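Undergrad: Sharing run-v3.pdb here; it has PDB, C-alpha atoms.
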```pdb
ATOM      1  CA  MET A 902      -4.552  38.379  14.852  1.00  0.00           C
ATOM      2  CA  GLU A 903      -7.655  38.985  12.771  1.00  0.00           C
ATOM      3  CA  ARG A 904      -5.634  38.792   9.549  1.00  0.00           C
ATOM      4  CA  ALA A 905      -4.217  35.417  10.654  1.00  0.00           C
ATOM      5  CA  MET A 906      -7.715  34.119  11.334  1.00  0.00           C
ATOM      6  CA  GLU A 907      -8.886  35.281   7.906  1.00  0.00           C
ATOM      7  CA  MET A 908      -5.933  33.488   6.301  1.00  0.00           C
ATOM      8  CA  ALA A 909      -6.767  30.347   8.280  1.00  0.00           C
ATOM      9  CA  ALA A 910     -10.391  30.575   7.139  1.00  0.00           C
ATOM     10  CA  SER A 911      -9.217  30.912   3.543  1.00  0.00           C
ATOM     11  CA  GLY A 912      -7.001  27.854   4.032  1.00  0.00           C
ATOM     12  CA  ARG A 913      -9.997  25.888   5.284  1.00  0.00           C
ATOM     13  CA  ILE A 914     -11.925  26.860   2.142  1.00  0.00           C
ATOM     14  CA  VAL A 915      -9.072  25.845  -0.187  1.00  0.00           C
ATOM     15  CA  TRP A 916      -8.395  22.507   1.539  1.00  0.00           C
ATOM     16  CA  GLY A 917     -12.116  21.771   1.867  1.00  0.00           C
ATOM     17  CA  THR A 918     -12.798  22.579  -1.772  1.00  0.00           C
ATOM     18  CA  LEU A 919      -9.960  20.270  -2.782  1.00  0.00           C
ATOM     19  CA  ALA A 920     -11.458  17.529  -0.599  1.00  0.00           C
ATOM     20  CA  LEU A 921     -14.854  17.966  -2.236  1.00  0.00           C
ATOM     21  CA  ALA A 922     -13.581  18.190  -5.812  1.00  0.00           C
ATOM     22  CA  ALA A 923     -10.716  15.705  -5.686  1.00  0.00           C
ATOM     23  CA  PRO A 924     -10.794  13.485  -2.594  1.00  0.00           C
ATOM     24  CA  GLY A 925      -8.227  11.112  -4.084  1.00  0.00           C
ATOM     25  CA  LEU A 926      -5.724  13.940  -4.563  1.00  0.00           C
ATOM     26  CA  ASN A 927      -6.496  15.158  -1.055  1.00  0.00           C
ATOM     27  CA  MET A 928      -5.662  11.705   0.298  1.00  0.00           C
ATOM     28  CA  LYS A 929      -2.412  11.575  -1.691  1.00  0.00           C
ATOM     29  CA  LEU A 930      -1.375  14.994  -0.357  1.00  0.00           C
ATOM     30  CA  ALA A 931      -2.124  13.759   3.167  1.00  0.00           C
ATOM     31  CA  GLY A 932       0.079  10.707   2.582  1.00  0.00           C
ATOM     32  CA  MET A 933      -2.715   8.144   2.548  1.00  0.00           C
ATOM     33  CA  GLY A 934      -3.387   7.649  -1.152  1.00  0.00           C
ATOM     34  CA  HIS A 935      -2.627   3.943  -0.910  1.00  0.00           C
ATOM     35  CA  ARG A 936      -5.622   3.474   1.409  1.00  0.00           C
ATOM     36  CA  GLU A 937      -8.187   4.965  -0.954  1.00  0.00           C
ATOM     37  CA  THR A 938     -11.619   3.341  -0.885  1.00  0.00           C
ATOM     38  CA  PRO A 939     -15.064   4.640  -1.865  1.00  0.00           C
ATOM     39  CA  GLU A 940     -15.950   4.885   1.827  1.00  0.00           C
ATOM     40  CA  LEU A 941     -12.875   6.955   2.604  1.00  0.00           C
ATOM     41  CA  ARG A 942     -13.489   9.211  -0.421  1.00  0.00           C
ATOM     42  CA  TYR A 943     -16.974   9.843   0.992  1.00  0.00           C
ATOM     43  CA  MET A 944     -15.565  10.682   4.437  1.00  0.00           C
ATOM     44  CA  ILE A 945     -13.021  13.058   2.866  1.00  0.00           C
ATOM     45  CA  ARG A 946     -15.876  14.863   1.128  1.00  0.00           C
ATOM     46  CA  ILE A 947     -17.718  15.162   4.469  1.00  0.00           C
ATOM     47  CA  PHE A 948     -14.586  16.728   5.923  1.00  0.00           C
ATOM     48  CA  GLY A 949     -14.414  19.040   2.911  1.00  0.00           C
ATOM     49  CA  SER A 950     -17.910  20.393   3.288  1.00  0.00           C
ATOM     50  CA  ARG A 951     -17.311  21.026   6.997  1.00  0.00           C
ATOM     51  CA  ALA A 952     -14.041  22.853   6.283  1.00  0.00           C
ATOM     52  CA  VAL A 953     -15.663  25.033   3.617  1.00  0.00           C
ATOM     53  CA  ALA A 954     -18.568  25.846   5.945  1.00  0.00           C
ATOM     54  CA  LEU A 955     -16.227  26.861   8.782  1.00  0.00           C
ATOM     55  CA  GLY A 956     -14.151  29.068   6.509  1.00  0.00           C
ATOM     56  CA  VAL A 957     -17.034  30.730   4.674  1.00  0.00           C
ATOM     57  CA  GLY A 958     -19.027  31.168   7.881  1.00  0.00           C
ATOM     58  CA  TYR A 959     -16.119  32.953   9.517  1.00  0.00           C
ATOM     59  CA  LEU A 960     -15.321  35.210   6.559  1.00  0.00           C
ATOM     60  CA  LEU A 961     -18.930  36.253   5.974  1.00  0.00           C
ATOM     61  CA  SER A 962     -19.646  37.064   9.624  1.00  0.00           C
ATOM     62  CA  ASP A 963     -19.713  40.375  11.438  1.00  0.00           C
ATOM     63  CA  PRO A 964     -17.335  40.854  14.412  1.00  0.00           C
ATOM     64  CA  ALA A 965     -19.808  39.551  17.017  1.00  0.00           C
ATOM     65  CA  ALA A 966     -20.548  36.424  15.001  1.00  0.00           C
ATOM     66  CA  ARG A 967     -16.826  35.869  14.378  1.00  0.00           C
ATOM     67  CA  ARG A 968     -16.368  35.444  18.125  1.00  0.00           C
ATOM     68  CA  ARG A 969     -18.794  32.508  17.981  1.00  0.00           C
ATOM     69  CA  TRP A 970     -17.140  31.085  14.843  1.00  0.00           C
ATOM     70  CA  ARG A 971     -13.703  31.213  16.550  1.00  0.00           C
ATOM     71  CA  ARG A 972     -15.067  29.099  19.388  1.00  0.00           C
ATOM     72  CA  LEU A 973     -16.703  26.662  16.992  1.00  0.00           C
ATOM     73  CA  CYS A 974     -13.462  26.368  15.006  1.00  0.00           C
ATOM     74  CA  LEU A 975     -11.568  25.771  18.253  1.00  0.00           C
ATOM     75  CA  LEU A 976     -13.949  22.959  19.213  1.00  0.00           C
ATOM     76  CA  VAL A 977     -13.626  21.278  15.800  1.00  0.00           C
ATOM     77  CA  ASP A 978      -9.843  21.686  15.604  1.00  0.00           C
ATOM     78  CA  ALA A 979      -9.292  20.457  19.173  1.00  0.00           C
ATOM     79  CA  CYS A 980     -11.441  17.374  18.490  1.00  0.00           C
ATOM     80  CA  ASP A 981      -9.628  16.701  15.208  1.00  0.00           C
ATOM     81  CA  THR A 982      -6.247  17.055  16.917  1.00  0.00           C
ATOM     82  CA  ALA A 983      -7.237  14.759  19.784  1.00  0.00           C
ATOM     83  CA  ALA A 984      -8.514  12.139  17.338  1.00  0.00           C
ATOM     84  CA  GLY A 985      -5.298  12.397  15.355  1.00  0.00           C
ATOM     85  CA  LEU A 986      -3.190  11.964  18.487  1.00  0.00           C
ATOM     86  CA  VAL A 987      -5.128   8.798  19.339  1.00  0.00           C
ATOM     87  CA  HIS A 988      -4.453   7.359  15.876  1.00  0.00           C
ATOM     88  CA  LEU A 989      -0.820   8.413  16.101  1.00  0.00           C
ATOM     89  CA  ALA A 990      -0.479   6.602  19.442  1.00  0.00           C
ATOM     90  CA  ARG A 991      -2.269   3.494  18.130  1.00  0.00           C
ATOM     91  CA  GLY A 992      -0.175   3.429  14.990  1.00  0.00           C
ATOM     92  CA  ASP A 993      -3.175   2.457  12.856  1.00  0.00           C
ATOM     93  CA  VAL A 994      -2.595   5.342  10.423  1.00  0.00           C
ATOM     94  CA  PRO A 995       0.787   5.761   8.728  1.00  0.00           C
ATOM     95  CA  ARG A 996       2.840   7.783  11.202  1.00  0.00           C
ATOM     96  CA  PRO A 997       4.082  10.464   8.768  1.00  0.00           C
ATOM     97  CA  ALA A 998       0.529  11.100   7.545  1.00  0.00           C
ATOM     98  CA  ALA A 999      -0.939  11.166  11.050  1.00  0.00           C
ATOM     99  CA  ALA A1000       1.833  13.427  12.339  1.00  0.00           C
ATOM    100  CA  ALA A1001       1.390  15.873   9.454  1.00  0.00           C
ATOM    101  CA  LEU A1002      -2.374  16.051   9.917  1.00  0.00           C
ATOM    102  CA  VAL A1003      -2.016  16.484  13.692  1.00  0.00           C
ATOM    103  CA  ALA A1004       0.462  19.286  13.040  1.00  0.00           C
ATOM    104  CA  ILE A1005      -2.042  21.011  10.752  1.00  0.00           C
ATOM    105  CA  THR A1006      -5.060  20.660  13.032  1.00  0.00           C
ATOM    106  CA  GLY A1007      -2.944  21.401  16.102  1.00  0.00           C
ATOM    107  CA  THR A1008      -1.716  24.620  14.501  1.00  0.00           C
ATOM    108  CA  TYR A1009      -5.291  25.612  13.722  1.00  0.00           C
ATOM    109  CA  ALA A1010      -6.314  24.802  17.319  1.00  0.00           C
ATOM    110  CA  ALA A1011      -3.435  26.859  18.703  1.00  0.00           C
ATOM    111  CA  LEU A1012      -4.343  29.797  16.459  1.00  0.00           C
ATOM    112  CA  ASP A1013      -8.009  29.494  17.497  1.00  0.00           C
ATOM    113  CA  THR A1014      -6.976  29.457  21.151  1.00  0.00           C
ATOM    114  CA  LEU A1015      -4.751  32.501  20.793  1.00  0.00           C
ATOM    115  CA  ALA A1016      -7.437  34.422  18.891  1.00  0.00           C
ATOM    116  CA  THR A1017     -10.061  33.511  21.487  1.00  0.00           C
ATOM    117  CA  ARG A1018      -7.851  34.539  24.392  1.00  0.00           C
ATOM    118  CA  THR A1019      -6.806  37.849  22.840  1.00  0.00           C
ATOM    119  CA  GLU A1020     -10.192  38.976  21.553  1.00  0.00           C
ATOM    120  CA  PRO A1021     -11.669  42.102  23.129  1.00  0.00           C
ATOM    121  CA  SER A1022     -14.399  41.667  25.715  1.00  0.00           C
ATOM    122  CA  ALA A1023     -17.962  41.716  24.406  1.00  0.00           C
TER     123      ALA A1023
END
```
Take the structure I supplied and represent it as C-alpha cells, if you would.
TA:
Amino acid sequence: MERAMEMAASGRIVWGTLALAAPGLNMKLAGMGHRETPELRYMIRIFGSRAVALGVGYLLSDPAARRRWRRLCLLVDACDTAAGLVHLARGDVPRPAAAALVAITGTYAALDTLATRTEPSA
C-alpha cells in the first residue's frame, strides 16, 4: 500500500507541475481547453501548487507524518470529488471532462481511504 501511495504522490507532483508550467495544456488534457480564460488559468495554477505541495509533503515525511498527510490528502480528494459530482449533476461542465476528473479524484480518494484504513495503529 505504501508503494501505491508514493506513486500517487508522484502523480500529484507531475500533474501539479504541469498545471503550474502549462495551465493551457492542462486544461486541454482535462477536456476543457475551449473554456480557457486568464481567470481559469490562474485557478489551474492554484490547483497545481496545492497538488505539488501534497505530493512533496507526503514523500518528504517520516512515517508518523505520512499518517497525517494521508488524512489531509483524503480530505482534499473527497472535497474535489464531491465538487466534481455536483458539476456533473448540474451539467455546467462538459460531461466527459467532469466524469474524467471525478474518476481521477475519486480514485485518489479511494486509495487514500484504503491506505488510512489499513495503516498500522499509532
Undergrad: Run the PyMOL selection byres ((chain A and resi 999-1011) around 7) mentally over the shown coordinates, then write out the matched residues as a VMD selection string, using the chain letters and numbers from the document.
TA: chain A and resid 975 978 to 979 981 to 982 985 to 986 989 994 to 998 1012 to 1015
Undergrad: Restrict the calculation to only C-alpha atoms, then for each residue of region 999-1020 of chain A with any atom at most 12 Å from an atom of region 967-970 of chain A give the closest atom pair and their distance in Å to one decimal, rows by chain and rising residue number, as a Markdown table.
TA:
```
| residue | atom | partner | partner_atom | distance |
| --- | --- | --- | --- | --- |
| A:Asp1013 | CA | A:Trp970 | CA | 9.6 |
| A:Thr1014 | CA | A:Arg968 | CA | 11.5 |
| A:Ala1016 | CA | A:Arg968 | CA | 9.0 |
| A:Thr1017 | CA | A:Arg968 | CA | 7.4 |
| A:Arg1018 | CA | A:Arg968 | CA | 10.6 |
| A:Thr1019 | CA | A:Arg968 | CA | 10.9 |
| A:Glu1020 | CA | A:Arg968 | CA | 7.9 |
```
Undergrad: Which distance in Å separates CA of Ser962 (chain A) and CA of Phe948 (chain A), to one decimal?
TA: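 If I compute the distance from CA of Ser962 (chain A) to CA of Phe948 (chain A), I get 21.3 Å.
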Undergrad: Tell me, in Å to one decimal, how far CA of Ala965 (chain A) is from CA of Ala920 (chain A).
TA: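 Straight-line distance from CA of Ala965 (chain A) to CA of Ala920 (chain A) works out to 29.4 Å.
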Undergrad: Rounded to one decimal place, report the CA of Gly956 (chain A)-CA of Ile914 (chain A) distance in Å.
TA: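 Taking CA of Gly956 (chain A) and CA of Ile914 (chain A), their separation equals 5.4 Å.
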Undergrad: Run the PyMOL selection byres ((chain A and resi 927) around 12) against the file shown and list the residues it catches, as a PyMOL selection string.
TA: chain A and resi 915-926+928-937+941-946+948-949+998+1002
Undergrad: Quick one: of A:Pro1021, A:Val977, A:Ile947, A:Ser911, who's nearest to Leu960 (chain A), counting all atoms listed in the file?
TA: A:Ser911
Undergrad: Missing atoms in region 953-988 of chain A: can you complete it with N, CA and C atoms, as a compact mmCIF listing (two decimals), keeping the file's coordinate frame?
TA:
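Everything below was put into rebuild39.txt:
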```txt
# COMPACT_ATOMS: atom_id res chain seq x y z
N VAL A 953 -15.16 23.89 4.39
CA VAL A 953 -15.66 25.03 3.62
C VAL A 953 -16.66 25.83 4.45
N ALA A 954 -17.57 25.15 5.12
CA ALA A 954 -18.57 25.85 5.94
C ALA A 954 -17.91 26.66 7.05
N LEU A 955 -16.91 26.11 7.72
CA LEU A 955 -16.23 26.86 8.78
C LEU A 955 -15.53 28.10 8.22
N GLY A 956 -14.86 27.94 7.10
CA GLY A 956 -14.15 29.07 6.51
C GLY A 956 -15.09 30.14 5.99
N VAL A 957 -16.08 29.75 5.23
CA VAL A 957 -17.03 30.73 4.67
C VAL A 957 -17.83 31.39 5.80
N GLY A 958 -18.27 30.60 6.75
CA GLY A 958 -19.03 31.17 7.88
C GLY A 958 -18.23 32.24 8.60
N TYR A 959 -16.96 31.97 8.83
CA TYR A 959 -16.12 32.95 9.52
C TYR A 959 -15.96 34.21 8.67
N LEU A 960 -15.60 34.05 7.41
CA LEU A 960 -15.32 35.21 6.56
C LEU A 960 -16.54 36.08 6.30
N LEU A 961 -17.72 35.48 6.27
CA LEU A 961 -18.93 36.25 5.97
C LEU A 961 -19.61 36.85 7.21
N SER A 962 -19.02 36.63 8.37
CA SER A 962 -19.65 37.06 9.62
C SER A 962 -19.20 38.46 10.05
N ASP A 963 -20.07 39.09 10.82
CA ASP A 963 -19.71 40.38 11.44
C ASP A 963 -18.85 40.07 12.67
N PRO A 964 -18.24 41.10 13.28
CA PRO A 964 -17.34 40.85 14.41
C PRO A 964 -17.94 40.05 15.57
N ALA A 965 -19.19 40.30 15.92
CA ALA A 965 -19.81 39.55 17.02
C ALA A 965 -19.97 38.08 16.65
N ALA A 966 -20.39 37.82 15.43
CA ALA A 966 -20.55 36.42 15.00
C ALA A 966 -19.19 35.74 14.86
N ARG A 967 -18.16 36.47 14.49
CA ARG A 967 -16.83 35.87 14.38
C ARG A 967 -16.34 35.33 15.71
N ARG A 968 -16.72 35.97 16.79
CA ARG A 968 -16.37 35.44 18.12
C ARG A 968 -16.93 34.03 18.29
N ARG A 969 -18.18 33.85 17.88
CA ARG A 969 -18.79 32.51 17.98
C ARG A 969 -18.12 31.53 17.03
N TRP A 970 -17.80 31.96 15.81
CA TRP A 970 -17.14 31.08 14.84
C TRP A 970 -15.76 30.67 15.34
N ARG A 971 -15.02 31.58 16.01
CA ARG A 971 -13.70 31.21 16.55
C ARG A 971 -13.84 30.08 17.55
N ARG A 972 -14.86 30.16 18.39
CA ARG A 972 -15.07 29.10 19.39
C ARG A 972 -15.48 27.78 18.73
N LEU A 973 -16.31 27.86 17.73
CA LEU A 973 -16.70 26.66 16.99
C LEU A 973 -15.49 26.04 16.29
N CYS A 974 -14.68 26.87 15.65
CA CYS A 974 -13.46 26.37 15.01
C CYS A 974 -12.53 25.72 16.03
N LEU A 975 -12.41 26.34 17.20
CA LEU A 975 -11.57 25.77 18.25
C LEU A 975 -12.07 24.39 18.66
N LEU A 976 -13.37 24.26 18.84
CA LEU A 976 -13.95 22.96 19.21
C LEU A 976 -13.63 21.90 18.15
N VAL A 977 -13.87 22.23 16.89
CA VAL A 977 -13.63 21.28 15.80
C VAL A 977 -12.14 20.93 15.72
N ASP A 978 -11.28 21.93 15.76
CA ASP A 978 -9.84 21.69 15.60
C ASP A 978 -9.27 20.92 16.80
N ALA A 979 -9.75 21.20 18.00
CA ALA A 979 -9.29 20.46 19.17
C ALA A 979 -9.73 18.99 19.08
N CYS A 980 -10.96 18.76 18.66
CA CYS A 980 -11.44 17.37 18.49
C CYS A 980 -10.65 16.65 17.41
N ASP A 981 -10.40 17.32 16.29
CA ASP A 981 -9.63 16.70 15.21
C ASP A 981 -8.21 16.37 15.67
N THR A 982 -7.61 17.28 16.42
CA THR A 982 -6.25 17.06 16.92
C THR A 982 -6.22 15.90 17.91
N ALA A 983 -7.18 15.86 18.81
CA ALA A 983 -7.24 14.76 19.78
C ALA A 983 -7.42 13.42 19.07
N ALA A 984 -8.30 13.38 18.09
CA ALA A 984 -8.51 12.14 17.34
C ALA A 984 -7.23 11.73 16.62
N GLY A 985 -6.55 12.70 16.03
CA GLY A 985 -5.30 12.40 15.36
C GLY A 985 -4.24 11.87 16.30
N LEU A 986 -4.16 12.44 17.50
CA LEU A 986 -3.19 11.96 18.49
C LEU A 986 -3.48 10.52 18.90
N VAL A 987 -4.75 10.18 19.00
CA VAL A 987 -5.13 8.80 19.34
C VAL A 987 -4.65 7.85 18.24
N HIS A 988 -4.89 8.21 16.98
CA HIS A 988 -4.45 7.36 15.88
C HIS A 988 -2.93 7.31 15.79
```
